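Data first, discussion second: the structure below is written as structure tokens.
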Amino acid sequence: MEKPKPVTQAAKAVALVAVVLLVCVPFLVIVSTSLASTQEVVDNGGWVLWPTEPSLKAYRDILDGGIVTHALGVSVGVTVTGTLLSLLCTVTLAYALARPGVFGGRPVLLLVLFTFLFPPGMIPSFLLVKELGLLDSYASLVLPVLVNVFNLVVLRGFFQGIPDELYEAARLDGAGDLRVLVSVVLPLSKAALAVVGLFYAVAYWNSWFYASLYLESDHWPLQQVLRTYVVAGSGLTDATTGEGTVTAPQTVQMAVLVIATVPILLIYPFLQKYFTKGVLTGAIKS
């Protein structure tokens with residue numbers, strides 16, 4: 001390939017800067033508005049690009065043992081528990097479906113793929129959760145979506161790409177299926193597990209629709225609380241106690257939005273090298 005021309009390089013740089021600004025400026029506005037004072041937010045029409053007197057009052061208000069603190073704990077618990085259970089079920093099922101000669105493997109695989117092509121509707125899902133007695137239970141946020149078919153197919157394909165010689169060598173050493181999975185397959189699948197685990201964690205953390213269907217308001221996770229504040233446009237005190245609030249609604253909304261966004265932003269850098277490797281591996285295999 002010939003060396004890019006200066007005009008081409010300049011165009012790429014301008015496009016890259018524009019994309020970075022499109023991503024960073026709204027996030028900067030969100031953080032700045034959450035740190036601004038009430039009067040400054042009101043004077044600027046609800047949005048602040050750079051606060052003159054930064055304050056953590058909005059964060060103290062929403063984290064002072066109120067509904068956001070409880071919702072944050074619910075989201076963390078559901079995300080951690082759901083991700084671990086989903087990884088456990090997805091890994092074991094993908095390993096079983098990846099090995100040739102497993103009894104009933106093909107019918108189970110076809111059944112799983114059928115649910116991917118024809119997902120259940122909202123009403124059948126609600127009736128099933130109701131009949132199982134999971135309404136107003138945190139299990140309703142995990143069990144109905146415990147195994148994602150796309151993630152299952154990704155792991156199954158990755159496991160099938162592991163050389164058969166490794167399986168045979170482990171068998172000759174007397175290893176059973178569980179030992180082969182733990183000692184051979186999983187250490188070679190860190191990249192794929194990181195990608196699938198990140199997909200599960202983001203899905204659980206951002207989930208709000210099932211919470212609106214199955215849970216009462218005092219059991220809502222953080223994303224459903226955030227959606228309620230953003231759509232309703234009310235302050236935190238209004239939603240929890242029914243009394244007036246001295247905090248600007250935009251400040252509360254932006255503070256909740258920051259709290260809902262930062263955990264995923266903090267997790268991603270630790271998984272970035274595995275994420276990149278897993279994506280490239282999948283692209284090369286396909």
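Letters A, B, ... go to the chains of the structure tokens in the order shown; residues in each chain start at 1; ligands are counted from 1 in the same order.
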Query - Residue contacts of A:Arg179 (10 Å, only C-alpha atoms) excluding same-chain residues fewer than 6 positions away, as a list in words - result: Ala170, Arg171 and Val185 of chain A
Query raised in the report: Which residues, written as a VMD selection string, have at least one atom at most 9 Å from A:Val25, with only C-alpha atoms counted and residues fewer than 5 positions away on the same chain left out?
Result: chain A and resid 20 30 49
Next, dump the selected residues to file, keeping only all heavy atoms, as a CSV table (one decimal), in the first residue's frame.
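Writing the result to out-v4.csv gives the following:
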```
chain,number,residue,atom,x,y,z
A,20,VAL,N,-14.5,11.9,18.6
A,20,VAL,CA,-14.1,12.0,20.0
A,20,VAL,C,-15.0,13.1,20.7
A,20,VAL,O,-15.4,13.0,21.8
A,20,VAL,CB,-12.6,12.3,20.2
A,20,VAL,CG1,-12.3,12.6,21.6
A,20,VAL,CG2,-11.8,11.1,19.7
A,30,ILE,N,-22.8,16.1,31.1
A,30,ILE,CA,-23.5,15.3,32.1
A,30,ILE,C,-22.8,15.4,33.5
A,30,ILE,O,-23.4,15.7,34.5
A,30,ILE,CB,-23.6,13.8,31.7
A,30,ILE,CG1,-24.6,13.7,30.5
A,30,ILE,CG2,-24.1,12.9,32.9
A,30,ILE,CD1,-24.6,12.3,29.9
A,49,LEU,N,-21.8,23.4,31.0
A,49,LEU,CA,-20.6,22.8,30.3
A,49,LEU,C,-19.4,22.8,31.3
A,49,LEU,O,-18.6,21.8,31.2
A,49,LEU,CB,-20.3,23.6,29.1
A,49,LEU,CG,-19.1,23.1,28.3
A,49,LEU,CD1,-19.4,21.7,27.8
A,49,LEU,CD2,-18.8,24.0,27.1
```
Return as a short mmCIF file (atom, residue, chain, number, x, y, z; two decimals) with N, CA and C atoms, in the first residue's frame the full set of residues in stretch 30-131 of chain A whose backbone-based DSSP assignment is alpha helix (DSSP H).
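Once everything was written out, this is states-v5.cif:
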```cif
data_model
loop_
_atom_site.label_atom_id
_atom_site.label_comp_id
_atom_site.auth_asym_id
_atom_site.auth_seq_id
_atom_site.Cartn_x
_atom_site.Cartn_y
_atom_site.Cartn_z
N ILE A 30 -22.83 16.05 31.09
CA ILE A 30 -23.53 15.27 32.13
C ILE A 30 -22.80 15.40 33.47
N VAL A 31 -21.48 15.19 33.46
CA VAL A 31 -20.71 15.27 34.70
C VAL A 31 -20.72 16.69 35.25
N SER A 32 -20.57 17.68 34.40
CA SER A 32 -20.54 19.08 34.85
C SER A 32 -21.88 19.49 35.45
N THR A 33 -22.97 19.08 34.81
CA THR A 33 -24.29 19.42 35.34
C THR A 33 -24.53 18.78 36.69
N SER A 34 -24.04 17.55 36.86
CA SER A 34 -24.22 16.87 38.14
C SER A 34 -23.41 17.53 39.25
N LEU A 35 -22.34 18.25 38.89
CA LEU A 35 -21.49 18.91 39.89
C LEU A 35 -21.84 20.38 40.10
N THR A 38 -27.34 24.47 42.28
CA THR A 38 -28.73 24.60 41.85
C THR A 38 -28.96 25.88 41.06
N GLN A 39 -28.45 27.00 41.57
CA GLN A 39 -28.66 28.28 40.92
C GLN A 39 -27.98 28.31 39.56
N GLU A 40 -26.81 27.73 39.46
CA GLU A 40 -26.09 27.74 38.18
C GLU A 40 -26.81 26.91 37.13
N VAL A 41 -27.39 25.79 37.54
CA VAL A 41 -28.15 24.96 36.61
C VAL A 41 -29.38 25.71 36.12
N VAL A 42 -30.07 26.40 37.02
CA VAL A 42 -31.26 27.16 36.65
C VAL A 42 -30.89 28.32 35.73
N ASP A 43 -29.80 29.02 36.03
CA ASP A 43 -29.40 30.17 35.21
C ASP A 43 -29.00 29.76 33.80
N LYS A 57 -23.18 17.99 46.19
CA LYS A 57 -24.44 17.96 46.93
C LYS A 57 -25.43 16.97 46.31
N ALA A 58 -25.53 16.94 45.00
CA ALA A 58 -26.48 16.03 44.35
C ALA A 58 -26.13 14.58 44.66
N TYR A 59 -24.84 14.25 44.66
CA TYR A 59 -24.41 12.88 44.96
C TYR A 59 -24.69 12.54 46.43
N ARG A 60 -24.45 13.51 47.32
CA ARG A 60 -24.73 13.25 48.73
C ARG A 60 -26.22 13.05 48.96
N ASP A 61 -27.04 13.80 48.25
CA ASP A 61 -28.49 13.69 48.43
C ASP A 61 -29.00 12.31 47.98
N ILE A 62 -28.56 11.85 46.82
CA ILE A 62 -29.10 10.61 46.29
C ILE A 62 -28.46 9.38 46.91
N ILE A 67 -33.38 5.77 47.86
CA ILE A 67 -33.75 4.76 46.90
C ILE A 67 -32.62 4.45 45.93
N VAL A 68 -31.80 5.45 45.61
CA VAL A 68 -30.70 5.21 44.67
C VAL A 68 -29.65 4.29 45.29
N THR A 69 -29.37 4.47 46.57
CA THR A 69 -28.42 3.58 47.25
C THR A 69 -28.91 2.14 47.22
N HIS A 70 -30.19 1.95 47.53
CA HIS A 70 -30.77 0.61 47.48
C HIS A 70 -30.76 0.06 46.06
N ALA A 71 -31.11 0.89 45.08
CA ALA A 71 -31.13 0.45 43.69
C ALA A 71 -29.74 0.10 43.20
N LEU A 72 -28.73 0.86 43.65
CA LEU A 72 -27.36 0.55 43.27
C LEU A 72 -26.94 -0.81 43.81
N GLY A 73 -27.30 -1.10 45.07
CA GLY A 73 -27.00 -2.41 45.63
C GLY A 73 -27.71 -3.52 44.88
N VAL A 74 -28.96 -3.28 44.48
CA VAL A 74 -29.70 -4.28 43.70
C VAL A 74 -29.02 -4.54 42.37
N SER A 75 -28.62 -3.49 41.68
CA SER A 75 -27.98 -3.65 40.37
C SER A 75 -26.65 -4.38 40.48
N VAL A 76 -25.87 -4.04 41.51
CA VAL A 76 -24.58 -4.73 41.70
C VAL A 76 -24.81 -6.21 42.00
N GLY A 77 -25.75 -6.50 42.90
CA GLY A 77 -26.02 -7.89 43.24
C GLY A 77 -26.54 -8.69 42.07
N VAL A 78 -27.49 -8.12 41.32
CA VAL A 78 -28.05 -8.82 40.16
C VAL A 78 -26.98 -9.01 39.08
N THR A 79 -26.15 -8.00 38.86
CA THR A 79 -25.12 -8.10 37.82
C THR A 79 -24.08 -9.16 38.17
N VAL A 80 -23.58 -9.13 39.39
CA VAL A 80 -22.55 -10.09 39.78
C VAL A 80 -23.11 -11.51 39.81
N THR A 81 -24.25 -11.69 40.48
CA THR A 81 -24.85 -13.02 40.57
C THR A 81 -25.27 -13.53 39.20
N GLY A 82 -25.95 -12.69 38.44
CA GLY A 82 -26.41 -13.10 37.12
C GLY A 82 -25.27 -13.43 36.18
N THR A 83 -24.21 -12.63 36.20
CA THR A 83 -23.07 -12.89 35.31
C THR A 83 -22.40 -14.22 35.65
N LEU A 84 -22.19 -14.47 36.94
CA LEU A 84 -21.55 -15.73 37.34
C LEU A 84 -22.41 -16.94 36.98
N LEU A 85 -23.71 -16.87 37.28
CA LEU A 85 -24.60 -17.98 36.95
C LEU A 85 -24.72 -18.18 35.44
N SER A 86 -24.81 -17.09 34.70
CA SER A 86 -24.92 -17.19 33.25
C SER A 86 -23.65 -17.78 32.64
N LEU A 87 -22.49 -17.35 33.14
CA LEU A 87 -21.24 -17.93 32.64
C LEU A 87 -21.16 -19.41 32.96
N LEU A 88 -21.56 -19.79 34.17
CA LEU A 88 -21.51 -21.20 34.56
C LEU A 88 -22.40 -22.04 33.65
N CYS A 89 -23.64 -21.60 33.47
CA CYS A 89 -24.57 -22.37 32.63
C CYS A 89 -24.16 -22.35 31.16
N THR A 90 -23.71 -21.21 30.68
CA THR A 90 -23.34 -21.11 29.27
C THR A 90 -22.10 -21.93 28.96
N VAL A 91 -21.11 -21.90 29.85
CA VAL A 91 -19.88 -22.66 29.62
C VAL A 91 -20.15 -24.16 29.63
N THR A 92 -20.89 -24.63 30.61
CA THR A 92 -21.15 -26.07 30.69
C THR A 92 -22.00 -26.56 29.51
N LEU A 93 -23.02 -25.79 29.15
CA LEU A 93 -23.86 -26.19 28.02
C LEU A 93 -23.10 -26.11 26.70
N ALA A 94 -22.30 -25.06 26.52
CA ALA A 94 -21.52 -24.93 25.29
C ALA A 94 -20.49 -26.05 25.18
N TYR A 95 -19.87 -26.42 26.29
CA TYR A 95 -18.89 -27.52 26.25
C TYR A 95 -19.56 -28.84 25.90
N ALA A 96 -20.74 -29.09 26.47
CA ALA A 96 -21.45 -30.33 26.16
C ALA A 96 -21.87 -30.38 24.70
N LEU A 97 -22.34 -29.25 24.16
CA LEU A 97 -22.77 -29.23 22.77
C LEU A 97 -21.60 -29.20 21.79
N ALA A 98 -20.42 -28.85 22.27
CA ALA A 98 -19.25 -28.78 21.39
C ALA A 98 -18.57 -30.13 21.20
N GLY A 105 -27.28 -34.30 21.98
CA GLY A 105 -26.66 -33.01 21.75
C GLY A 105 -27.30 -32.23 20.61
N ARG A 106 -27.56 -32.89 19.49
CA ARG A 106 -28.13 -32.19 18.34
C ARG A 106 -29.56 -31.72 18.61
N PRO A 107 -30.46 -32.55 19.17
CA PRO A 107 -31.80 -32.03 19.48
C PRO A 107 -31.77 -30.84 20.44
N VAL A 108 -30.90 -30.89 21.45
CA VAL A 108 -30.80 -29.77 22.38
C VAL A 108 -30.31 -28.51 21.67
N LEU A 109 -29.32 -28.67 20.79
CA LEU A 109 -28.81 -27.53 20.04
C LEU A 109 -29.90 -26.92 19.15
N LEU A 110 -30.67 -27.77 18.48
CA LEU A 110 -31.76 -27.27 17.64
C LEU A 110 -32.82 -26.57 18.48
N LEU A 111 -33.08 -27.11 19.66
CA LEU A 111 -34.06 -26.48 20.55
C LEU A 111 -33.58 -25.11 21.01
N VAL A 112 -32.30 -25.00 21.32
CA VAL A 112 -31.74 -23.72 21.74
C VAL A 112 -31.79 -22.70 20.60
N LEU A 113 -31.42 -23.14 19.40
CA LEU A 113 -31.46 -22.25 18.25
C LEU A 113 -32.90 -21.84 17.91
N PHE A 114 -33.86 -22.71 18.19
CA PHE A 114 -35.26 -22.38 17.94
C PHE A 114 -35.70 -21.20 18.81
N THR A 115 -35.25 -21.21 20.06
CA THR A 115 -35.60 -20.09 20.94
C THR A 115 -34.94 -18.79 20.49
N PHE A 116 -33.80 -18.89 19.78
CA PHE A 116 -33.15 -17.70 19.24
C PHE A 116 -33.92 -17.13 18.06
N LEU A 117 -34.45 -18.00 17.22
CA LEU A 117 -35.20 -17.55 16.05
C LEU A 117 -36.62 -17.13 16.39
N MET A 122 -43.90 -10.86 25.26
CA MET A 122 -43.93 -10.27 26.59
C MET A 122 -44.98 -10.94 27.47
N ILE A 123 -46.17 -11.19 26.92
CA ILE A 123 -47.25 -11.77 27.72
C ILE A 123 -46.94 -13.21 28.12
N PRO A 124 -46.50 -14.10 27.20
CA PRO A 124 -46.13 -15.45 27.64
C PRO A 124 -45.02 -15.46 28.69
N SER A 125 -44.04 -14.56 28.53
CA SER A 125 -42.96 -14.50 29.52
C SER A 125 -43.49 -14.08 30.88
N PHE A 126 -44.37 -13.09 30.90
CA PHE A 126 -44.95 -12.64 32.17
C PHE A 126 -45.78 -13.74 32.83
N LEU A 127 -46.58 -14.46 32.04
CA LEU A 127 -47.41 -15.53 32.60
C LEU A 127 -46.53 -16.65 33.15
N LEU A 128 -45.43 -16.96 32.46
CA LEU A 128 -44.53 -18.01 32.94
C LEU A 128 -43.89 -17.61 34.26
N VAL A 129 -43.39 -16.37 34.33
CA VAL A 129 -42.78 -15.88 35.57
C VAL A 129 -43.80 -15.89 36.71
N LYS A 130 -45.03 -15.51 36.40
CA LYS A 130 -46.08 -15.49 37.41
C LYS A 130 -46.39 -16.90 37.91
N GLU A 131 -46.50 -17.87 36.99
CA GLU A 131 -46.82 -19.24 37.38
C GLU A 131 -45.68 -19.87 38.20
#
```
Requested in this report: Can you work out the spacing between atom CA of A:Leu257 and atom CA of A:Ser212 in Å, to one decimal?
Outcome: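 Going from atom CA of A:Leu257 over to atom CA of A:Ser212 covers 18.1 Å.
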Query - Given only C-alpha atoms as the counted atoms, nearest of A:Ala203, A:Val252, A:Ala11, A:Leu186 to A:Val142 - result: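 When distances to A:Val142 are compared using only C-alpha atoms, the smallest one comes from A:Ala203.
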Query raised in the report: Which is closer to A:Ser55 than all the others in A:Val145, A:Ala191, A:Val262, A:Ala255, using only C-alpha atoms?
Result: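 The closest residue to A:Ser55 is A:Ala255.
When atom CA of A:Val29 is paired with atom CA of A:Leu56, their separation reads 15.3 Å.
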Query - Distance query A:Tyr167 at most 12 Å, only C-alpha atoms, self and fewer than 2 positions along chain excluded, as a PyMOL selection string - result: chain A and resi 95+98-100+159-165+169-185
Query raised in the report: What separation in Å, quoted to one decimal, exists between atom CA of A:Leu265 and atom CA of A:Lys12?
Result: 26.1 Å
Query raised in the report: Near A:Phe199, within 12 Å and counting only C-alpha atoms, which residues show up once chain neighbours fewer than 6 positions away are dropped, as a count of residues only?
Result: 20
